[in-house]
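Student: Here you go, my_file_9.txt (compact mmCIF, C-alpha atoms):
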```txt
# COMPACT_ATOMS: atom_id res chain seq x y z
CA MET O 1 -100.08 73.80 10.21
CA ASP O 2 -100.18 76.73 7.91
CA LYS O 3 -96.61 77.70 7.17
CA GLN O 4 -97.56 81.17 6.05
CA LYS O 5 -99.17 82.06 9.36
CA GLN O 6 -96.68 83.79 11.61
CA PRO O 7 -96.92 83.52 15.39
CA VAL O 8 -97.93 86.52 17.44
CA PHE O 9 -95.09 85.90 19.84
CA LYS O 10 -91.89 84.51 18.48
CA LEU O 11 -90.12 82.01 20.67
CA SER O 12 -86.36 82.21 20.43
CA GLU O 13 -84.43 79.38 18.87
CA ARG O 14 -82.36 79.35 22.03
CA ILE O 15 -85.36 78.16 24.00
CA LEU O 16 -85.69 74.56 23.05
CA THR O 17 -86.65 72.75 26.17
CA ASN O 18 -88.98 73.50 29.05
CA ILE O 19 -85.82 73.88 31.15
CA ASP O 20 -84.58 76.61 28.81
CA LEU O 21 -87.93 78.29 29.11
CA SER O 22 -87.89 78.11 32.90
CA ARG O 23 -84.38 79.51 32.92
CA SER O 24 -85.39 82.40 30.66
CA ILE O 25 -88.41 83.24 32.83
CA ARG O 26 -86.17 83.17 35.88
CA GLU O 27 -83.63 85.46 34.22
CA LEU O 28 -86.33 87.85 33.09
CA LYS O 29 -87.81 87.99 36.58
CA GLN O 30 -84.38 88.63 38.07
CA LEU O 31 -83.85 91.40 35.54
CA ASP O 32 -87.25 92.89 36.30
CA ASP O 33 -86.54 92.75 40.03
CA TYR O 34 -83.21 94.44 39.47
CA PHE O 35 -84.70 97.25 37.47
CA HIS O 36 -87.56 97.58 39.92
CA GLN O 37 -85.14 97.88 42.87
CA SER O 38 -83.02 100.38 40.97
CA LYS O 39 -86.10 102.45 40.29
CA ILE O 40 -87.04 102.39 43.99
CA ARG O 41 -83.53 103.54 44.88
CA GLY O 42 -84.16 106.61 42.71
CA SER O 43 -81.67 106.31 39.91
CA ALA O 44 -83.29 106.82 36.52
CA THR O 45 -80.87 104.52 34.76
CA PRO O 46 -78.96 101.92 36.68
CA ALA O 47 -75.27 102.62 36.82
CA SER O 48 -74.30 99.01 36.33
CA VAL O 49 -76.88 97.15 34.33
CA LEU O 50 -77.29 93.51 35.17
CA LYS O 51 -76.22 91.74 32.04
CA ALA O 52 -79.11 89.87 30.48
CA GLY O 53 -78.49 86.50 28.93
CA ARG O 54 -78.36 86.14 25.18
CA THR O 55 -81.55 84.14 25.23
CA VAL O 56 -83.48 86.94 26.87
CA GLU O 57 -81.89 89.49 24.59
CA ASP O 58 -82.76 87.51 21.47
CA LEU O 59 -86.27 86.94 22.77
CA ALA O 60 -86.80 90.67 23.25
CA LYS O 61 -85.19 91.50 19.93
CA ASP O 62 -87.20 88.95 17.96
CA ASN O 63 -90.43 90.32 19.37
CA ASN O 64 -89.44 94.00 19.03
CA LEU O 65 -89.50 94.55 22.77
CA SER O 66 -87.03 96.25 25.07
CA ILE O 67 -85.87 94.68 28.30
CA LEU O 68 -85.32 98.12 29.67
CA GLU O 69 -89.01 98.84 29.47
CA PRO O 70 -90.95 97.50 32.43
CA LYS O 71 -94.03 97.02 30.33
CA ASP O 72 -92.13 94.98 27.78
CA ARG O 73 -90.49 92.90 30.47
CA LYS O 74 -93.86 92.17 32.04
CA LEU O 75 -95.21 91.24 28.61
CA LEU O 76 -92.29 88.96 27.97
CA ILE O 77 -92.66 87.28 31.33
CA LYS O 78 -96.39 86.88 30.86
CA GLN O 79 -95.99 85.45 27.37
CA LEU O 80 -93.36 83.03 28.51
CA GLU O 81 -95.48 81.92 31.47
CA VAL O 82 -98.43 81.39 29.14
CA ILE O 83 -96.20 79.35 26.86
CA GLN O 84 -94.89 77.40 29.84
CA THR O 85 -98.44 76.60 30.88
CA HIS O 86 -99.96 75.84 27.52
CA ALA O 87 -97.19 74.96 25.10
CA PRO O 88 -97.05 71.35 23.97
CA VAL O 89 -94.08 69.51 25.37
CA VAL O 90 -92.77 66.66 23.27
CA HIS O 91 -90.52 64.19 25.01
CA PHE O 92 -87.68 62.65 23.05
CA SER O 93 -85.60 59.69 24.13
CA PHE O 94 -82.22 59.45 22.44
CA PRO O 95 -79.60 56.71 22.57
CA SER O 96 -76.92 59.27 23.47
CA GLU O 97 -76.72 62.90 24.55
CA PRO O 98 -77.94 65.02 21.60
CA SER O 99 -76.08 68.14 20.59
CA ARG O 100 -77.68 71.55 20.77
CA LYS O 101 -77.65 71.67 16.99
CA ALA O 102 -79.60 68.43 16.74
CA LEU O 103 -82.16 69.64 19.26
CA ASN O 104 -82.43 72.89 17.36
CA SER O 105 -83.21 71.03 14.17
CA ILE O 106 -85.89 68.95 15.83
CA ALA O 107 -87.45 71.91 17.63
CA GLY O 108 -87.33 73.88 14.38
CA TRP O 109 -89.14 71.14 12.54
CA LEU O 110 -91.78 70.86 15.29
CA ARG O 111 -92.32 74.62 15.46
CA THR O 112 -92.59 74.79 11.68
CA HIS O 113 -94.85 71.82 11.14
CA VAL O 114 -96.70 71.18 14.39
CA ASN O 115 -96.88 74.10 16.78
CA HIS O 116 -94.97 77.40 17.01
CA TYR O 117 -94.39 76.93 20.72
CA CYS O 118 -93.39 73.31 20.91
CA LEU O 119 -90.94 72.57 23.66
CA LEU O 120 -88.70 69.56 23.98
CA SER O 121 -88.01 67.30 26.89
CA VAL O 122 -84.96 65.09 26.44
CA GLY O 123 -84.17 61.72 27.97
CA LEU O 124 -81.60 59.01 27.37
CA GLU O 125 -82.28 55.41 26.42
CA PRO O 126 -79.16 53.63 25.06
CA ALA O 127 -81.16 50.57 23.99
CA ILE O 128 -82.69 52.51 21.13
CA GLY O 129 -79.49 52.29 19.11
CA ILE O 130 -80.26 54.48 16.15
CA GLY O 131 -83.18 56.93 16.03
CA CYS O 132 -85.34 58.11 18.88
CA ILE O 133 -88.62 57.56 20.67
CA LEU O 134 -91.12 60.38 20.73
CA ARG O 135 -93.73 60.69 23.47
CA THR O 136 -96.58 63.15 23.24
CA GLU O 137 -99.43 63.52 25.68
CA ASN O 138 -101.24 60.44 24.43
CA LYS O 139 -98.95 58.64 22.08
CA ILE O 140 -95.59 56.98 21.92
CA LEU O 141 -94.01 56.95 18.50
CA ASP O 142 -91.05 54.72 17.92
CA LEU O 143 -88.84 56.55 15.45
CA SER O 144 -85.95 54.15 15.84
CA LEU O 145 -84.20 52.11 13.18
CA LYS O 146 -85.42 48.98 14.91
CA ASN O 147 -88.99 50.01 14.27
CA ARG O 148 -88.20 50.96 10.70
CA LEU O 149 -86.69 47.52 10.18
CA LYS O 150 -89.70 45.91 11.79
CA GLU O 151 -92.04 47.79 9.50
CA ASN O 152 -90.00 46.81 6.48
CA LYS O 153 -89.41 43.27 7.63
CA VAL O 154 -90.31 41.76 4.27
CA LEU O 155 -87.82 43.96 2.47
CA LEU O 156 -85.18 43.20 5.09
CA LYS O 157 -85.82 39.49 4.72
CA GLN O 158 -85.57 39.71 0.96
CA SER O 159 -82.32 41.64 1.26
CA ILE O 160 -80.87 39.08 3.64
CA GLU O 161 -81.96 36.21 1.40
CA LYS O 162 -80.46 37.95 -1.61
CA ALA O 163 -77.20 38.53 0.26
CA THR O 164 -77.16 34.94 1.48
CA ARG O 165 -77.65 33.57 -2.03
CA ALA O 166 -74.92 35.82 -3.35
CA MET L 1 -53.16 -69.93 26.96
CA SER L 2 -51.99 -72.99 25.01
CA GLY L 3 -48.41 -72.45 26.32
CA TRP L 4 -49.59 -72.78 29.87
CA LEU L 5 -51.49 -75.91 29.08
CA ASP L 6 -48.44 -77.47 27.44
CA THR L 7 -46.29 -76.65 30.44
CA ILE L 8 -48.80 -78.15 32.81
CA LEU L 9 -49.06 -81.34 30.66
CA VAL L 10 -45.27 -81.78 30.53
CA VAL L 11 -44.85 -81.31 34.26
CA GLY L 12 -47.76 -83.68 34.90
CA SER L 13 -46.26 -86.39 32.64
CA LEU L 14 -42.88 -86.15 34.40
CA LEU L 15 -44.50 -86.46 37.80
CA SER L 16 -46.61 -89.41 36.64
CA VAL L 17 -43.49 -91.28 35.27
CA THR L 18 -41.62 -90.70 38.54
CA PHE L 19 -44.61 -91.83 40.49
CA ALA L 20 -44.92 -94.97 38.25
CA PHE L 21 -41.28 -95.98 38.92
CA ILE L 22 -41.72 -95.55 42.63
CA TRP L 23 -44.97 -97.47 42.56
CA VAL L 24 -43.40 -100.37 40.59
CA ALA L 25 -40.51 -100.53 43.01
CA VAL L 26 -42.71 -100.52 46.04
CA SER L 27 -45.02 -103.13 44.49
CA LEU L 28 -42.18 -105.45 43.70
CA GLY L 29 -40.88 -105.24 47.22
CA ARG L 30 -44.35 -105.84 48.73
CA ASN L 31 -45.13 -108.93 46.53
CA GLN L 32 -42.15 -111.08 47.77
CA PRO L 33 -43.53 -114.27 49.53
CA LYS L 34 -42.48 -114.60 53.11
CA LYS L 35 -42.59 -118.37 52.94
CA LYS L 36 -39.61 -118.75 50.70
CA GLY L 37 -37.55 -117.73 53.61
CA ARG L 38 -34.11 -116.57 53.42
CA ASP L 39 -33.71 -117.03 49.69
CA ASN L 40 -36.52 -114.82 49.06
CA GLN L 41 -35.07 -112.35 51.39
CA ASP L 42 -31.85 -112.51 49.50
CA VAL L 43 -33.61 -112.09 46.22
CA ALA L 44 -35.40 -109.16 47.62
CA ALA L 45 -32.21 -107.75 48.95
CA ALA L 46 -30.56 -108.39 45.58
CA ALA L 47 -33.43 -106.69 43.81
CA ASP L 48 -33.19 -103.77 46.14
CA LYS L 49 -29.57 -103.79 45.49
CA ASP L 50 -30.16 -103.85 41.74
CA VAL L 51 -32.72 -101.15 42.06
CA GLU L 52 -30.30 -99.24 44.08
CA HIS L 53 -27.73 -100.10 41.48
CA ILE L 54 -29.97 -98.94 38.58
CA PHE L 55 -31.41 -95.89 40.27
CA ASN L 56 -28.28 -94.79 41.90
CA ASP L 57 -27.51 -91.27 42.78
CA GLU L 58 -25.85 -90.49 39.50
CA PHE L 59 -28.84 -91.73 37.52
CA ARG L 60 -31.15 -89.84 39.77
CA GLU L 61 -29.00 -86.80 39.40
CA GLU L 62 -29.05 -87.31 35.67
CA LEU L 63 -32.79 -87.65 35.68
CA ARG L 64 -33.09 -84.61 37.93
CA ASN L 65 -30.82 -82.65 35.62
CA ARG L 66 -32.78 -83.71 32.59
CA GLY L 67 -36.01 -82.90 34.31
CA ARG L 68 -34.64 -79.53 35.36
CA LEU L 69 -33.39 -78.81 31.84
CA HIS L 70 -36.68 -79.88 30.35
CA PHE L 71 -38.55 -77.90 32.93
CA GLU L 72 -36.36 -74.91 32.22
CA LYS L 73 -36.89 -75.35 28.51
CA ILE L 74 -40.59 -75.61 29.02
CA ILE L 75 -40.51 -72.66 31.33
CA SER L 76 -38.39 -70.76 28.77
CA ASP L 77 -40.73 -71.71 25.96
CA SER L 78 -43.69 -70.87 28.09
CA ALA L 79 -42.09 -67.63 29.00
CA MET L 80 -41.40 -66.97 25.35
CA PHE L 81 -44.95 -67.87 24.39
CA LEU L 82 -46.20 -65.83 27.32
CA GLN L 83 -44.04 -62.95 26.19
CA GLN L 84 -45.31 -63.29 22.64
CA ASP L 85 -48.85 -63.52 23.91
CA LEU L 86 -48.23 -60.61 26.17
CA ARG L 87 -46.80 -58.59 23.30
CA LEU L 88 -49.65 -59.60 21.09
CA THR L 89 -52.14 -58.81 23.81
CA ALA L 90 -50.44 -55.54 24.54
CA SER L 91 -50.43 -54.78 20.84
CA GLN L 92 -54.08 -55.75 20.58
CA ILE L 93 -54.83 -53.74 23.69
CA ASN L 94 -52.95 -50.83 22.19
CA GLU L 95 -54.85 -51.16 18.97
CA PHE L 96 -58.08 -51.53 20.85
CA MET L 97 -57.27 -48.60 23.06
CA LYS L 98 -56.25 -46.57 20.07
CA LYS L 99 -59.40 -47.51 18.27
CA GLU L 100 -61.55 -46.89 21.35
CA ILE L 101 -59.81 -43.65 22.16
CA THR L 102 -60.01 -42.55 18.55
CA THR L 103 -63.66 -43.47 18.39
CA THR L 104 -64.36 -41.82 21.71
CA LEU L 105 -62.36 -38.79 20.75
CA GLN L 106 -64.06 -38.62 17.39
CA GLU L 107 -67.44 -38.93 19.03
CA THR L 108 -66.44 -36.36 21.62
CA PHE L 109 -65.03 -34.08 18.98
CA THR L 110 -68.10 -34.57 16.86
CA LYS L 111 -70.30 -33.71 19.83
CA TYR L 112 -68.01 -30.87 20.74
CA GLU L 113 -68.07 -29.64 17.18
CA GLU L 114 -71.84 -29.94 17.13
CA SER L 115 -72.00 -28.05 20.42
CA ILE L 116 -69.67 -25.42 19.03
CA MET L 117 -71.72 -25.19 15.87
CA ASP L 118 -74.91 -24.89 17.92
CA ALA L 119 -73.32 -22.30 20.17
CA LYS L 120 -72.00 -20.50 17.11
CA LYS L 121 -75.42 -20.59 15.50
CA VAL L 122 -77.04 -19.31 18.70
CA ALA L 123 -74.39 -16.63 19.01
CA LEU L 124 -74.81 -15.63 15.37
CA ASP L 125 -78.57 -15.54 15.80
CA THR L 126 -78.16 -13.44 18.92
CA ILE L 127 -75.69 -11.13 17.20
CA LYS L 128 -78.00 -10.86 14.22
CA LYS L 129 -80.96 -10.05 16.45
CA THR L 130 -78.86 -7.58 18.42
CA GLN L 131 -77.67 -5.96 15.19
CA GLU L 132 -81.24 -5.74 13.97
CA SER L 133 -82.32 -4.27 17.26
CA VAL L 134 -79.40 -1.81 17.22
CA GLU L 135 -80.22 -0.90 13.64
CA GLU L 136 -83.86 -0.33 14.56
CA GLN L 137 -82.80 1.76 17.53
CA ARG L 138 -80.38 3.67 15.37
CA GLN L 139 -83.04 4.37 12.76
CA LEU L 140 -85.51 5.37 15.45
CA MET L 141 -82.92 7.59 17.07
CA ASN L 142 -81.99 9.05 13.69
CA GLN L 143 -85.62 9.85 13.05
CA GLN L 144 -86.00 11.38 16.51
CA VAL L 145 -82.80 13.40 16.17
CA LYS L 146 -83.79 14.51 12.69
CA SER L 147 -87.23 15.44 13.96
CA GLU L 148 -85.70 17.35 16.88
CA ILE L 149 -83.22 19.07 14.58
CA ASP L 150 -86.02 20.00 12.19
CA LYS L 151 -88.10 21.31 15.09
CA GLU L 152 -85.15 23.23 16.49
CA LYS L 153 -84.32 24.55 13.03
CA ALA L 154 -87.92 25.63 12.49
CA ARG L 155 -88.01 27.19 15.95
CA THR L 156 -84.73 29.01 15.34
CA ILE L 157 -85.92 30.25 11.95
CA GLU L 158 -89.20 31.32 13.49
CA GLN L 159 -87.38 33.12 16.29
CA PHE L 160 -84.98 34.68 13.83
CA ASP L 161 -87.87 35.72 11.60
CA LYS L 162 -89.77 37.06 14.58
CA ASN L 163 -86.85 38.99 15.99
CA LEU L 164 -85.20 39.83 12.69
CA SER L 165 -85.44 43.57 13.18
CA GLU L 166 -84.11 43.31 16.77
CA ILE L 167 -81.22 41.13 15.63
CA VAL L 168 -80.21 43.45 12.81
CA ASN L 169 -80.64 46.48 15.06
CA HIS L 170 -78.57 44.84 17.79
CA TYR L 171 -75.90 44.02 15.26
CA LEU L 172 -75.91 47.62 14.01
CA ILE L 173 -75.68 48.96 17.55
CA GLU L 174 -72.78 46.63 18.29
CA ALA L 175 -71.08 47.45 15.02
CA ILE L 176 -71.54 51.21 14.70
CA GLY L 177 -73.58 52.23 17.75
CA ASN L 178 -70.91 54.39 19.35
CA GLN L 179 -69.72 55.90 16.10
CA VAL L 180 -73.00 57.39 14.96
CA SER L 181 -73.92 60.59 16.79
CA ILE L 182 -77.38 62.11 16.95
CA ASP L 183 -76.21 64.74 14.47
CA ASP L 184 -75.45 61.99 11.98
CA GLN L 185 -78.88 60.56 12.59
CA MET L 186 -80.74 63.82 12.04
CA ASP L 187 -81.77 63.05 8.48
CA PHE L 188 -83.23 59.78 9.61
CA ILE L 189 -84.97 61.34 12.62
CA LEU L 190 -86.43 64.20 10.58
CA ASP L 191 -87.56 61.73 7.96
CA GLU L 192 -89.30 59.69 10.64
CA LEU L 193 -90.86 62.82 12.09
CA GLU L 194 -92.14 63.72 8.65
CA LYS L 195 -93.64 60.29 8.26
CA ASN L 196 -95.39 60.53 11.64
CA LYS L 197 -96.33 64.19 11.27
CA LYS L 198 -100.02 63.40 11.00
CA HIS L 199 -100.08 61.42 14.29
CA ILE L 200 -98.08 64.09 16.11
CA LEU L 201 -100.34 66.88 14.86
CA GLU L 202 -103.50 65.02 15.77
CA ASP L 203 -102.27 64.31 19.25
CA ILE L 204 -101.00 67.84 19.85
CA LYS L 205 -104.26 69.32 18.60
CA SER L 206 -106.36 67.04 20.73
CA SER L 207 -104.28 67.73 23.83
CA TYR L 208 -103.70 71.50 23.65
```
Once you've parsed the file, please lay out its structure as structure tokens.

Tutor:
Amino acid sequence: MDKQKQPVFKLSERILTNIDLSRSIRELKQLDDYFHQSKIRGSATPASVLKAGRTVEDLAKDNNLSILEPKDRKLLIKQLEVIQTHAPVVHFSFPSEPSRKALNSIAGWLRTHVNHYCLLSVGLEPAIGIGCILRTENKILDLSLKNRLKENKVLLKQSIEKATRA
Amino acid sequence: MSGWLDTILVVGSLLSVTFAFIWVAVSLGRNQPKKKGRDNQDVAAAADKDVEHIFNDEFREELRNRGRLHFEKIISDSAMFLQQDLRLTASQINEFMKKEITTTLQETFTKYEESIMDAKKVALDTIKKTQESVEEQRQLMNQQVKSEIDKEKARTIEQFDKNLSEIVNHYLIEAIGNQVSIDDQMDFILDELEKNKKHILEDIKSSY
């Protein structure tokens, strides 16, 4: 992927998984409904604004949109729904629960090198030990240490033999 | 045996002398002629009287005593000879018995010894054969065990070689599995992602 090419719509770093995306869409819709109902009631500006989540706020800010503008909200919702429908979802299986920071790193790498709108799906598989297993639409890539050792079996064998002799 | 014969001869001679005296006396009495009458009868009576006078009771007793003494002497001698013979015979019998028993025992012992030697030889042969058989079995078993051990060793090495990565990974999981968080593994994961970037890109492009 061309690193210089910037995406038209910037997906927030807070939206890492398809669950995050669904949650953001839901929040945006709730916000839109709230503003819509307030408008119907006749008040130009709602007296008590429903507090938007930080994700939605960042999303709007990153894309130079305002959540107070109905048009921008609709655009945000539409963009997110398009992303939800078409964005590639990469499933990762980890040996233990990954931290948000770790997921952020992985999603960042994917969005930088593979696709700007990559979403993650996370599962647990303790048998992996160290590393992870990546599943795309058509492929399963074993990124575990076990697989690395298997690939470098000759080196491993030589190391063991060397250690045994020593 | 000669002692018995002597005894019999002595007793026979005594009896024959006694019988001869009696016969002479009877003959003299029977040969007196009846025609001479009373004189003859007197002579005969005188002779009888003389006979009676000669062979009176004392003489007879004397003769009887002599005979008895002689008989006792003969009997004593015979008994002595018999005793000597008996001792000799017993001694000879003892010697003979000793000799026979010794011979028999020697023969028996010889046979027994031969039997023992044969039995010993048979036993030794059997033991030798058994030892050979055991040794063969032992060697065969050693070969089989060695072969099995070699096979098992080869199989274990093959299995170890085949599952080397799994074994090492399992060991690592057991050793440090719970102490390494995903954050600590990020360098490794990103490195792996970088290595497989081409595959991921191709698949994503083909799918979306």

Student: For chain L, which residues have at least one atom within 7 Å of chain O, if we go by all atoms listed in the file? Write them as JSON, numbers by chain, please.

Tutor: {"L": [165, 166, 169, 173, 177, 182, 183, 185, 186, 189, 192, 201, 203, 204, 207, 208]}

Student: Place a sphere of radius 7 Å on (-83.4, 62.6, 28.3) in the file coordinates and name every protein, DNA or RNA residue with an atom inside or on its surface, counting all atoms listed in the file; give the answer as a VMD selection string.

Tutor: chain O and resid 92 to 94 121 to 124

Student: What does the structure give for the distance between atom CA of Glu194 of chain L and atom CA of Gly108 of chain O, in Å to one decimal?

Tutor: 12.6 Å

Student: Please provide as a list in words all residues within 10 Å of Lys10 of chain O, with the sequence filter that same-chain residues fewer than 6 positions apart are discarded (counting all atoms listed in the file).

Tutor: Leu59, Ala60, Lys61, Asp62, Asn63, Asn64, Gln79, His116 and Tyr117 of chain O

Student: Would you mind telling me which residue in O:Thr55, O:Ser12, O:Thr85, O:Gln6 lies nearest to Glu27 of chain O when using all atoms listed in the file?

Tutor: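 Checking each candidate against Glu27 of chain O, we get O:Thr55 as the closest.
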
Student: Mind pulling up the distance from atom CA of Lys78 of chain O to atom CA of Pro7 of chain O?

Tutor: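 Atom-to-atom, atom CA of Pro7 of chain O to atom CA of Lys78 of chain O, that is 15.8 Å.
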
Student: Please measure the separation of atom CA of Leu88 of chain L and atom CA of Ile8 of chain L, giving the value in Å to one decimal.

Tutor: 22.0 Å

Student: Find the spatial neighbours of segment 4-6 of chain L, counting all atoms listed in the file, within a cut-off of 9 Å - ignore same-chain residues fewer than 6 positions away - and output them as a count of residues only.

Tutor: 4

Student: Of the residues O:Leu28, O:Ala163, O:Leu80, O:Leu16, which is the one nearest to Gly53 of chain O, using all atoms listed in the file?

Tutor: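 Between O:Leu28, O:Ala163, O:Leu80, O:Leu16, the residue approaching Gly53 of chain O most closely is O:Leu28.
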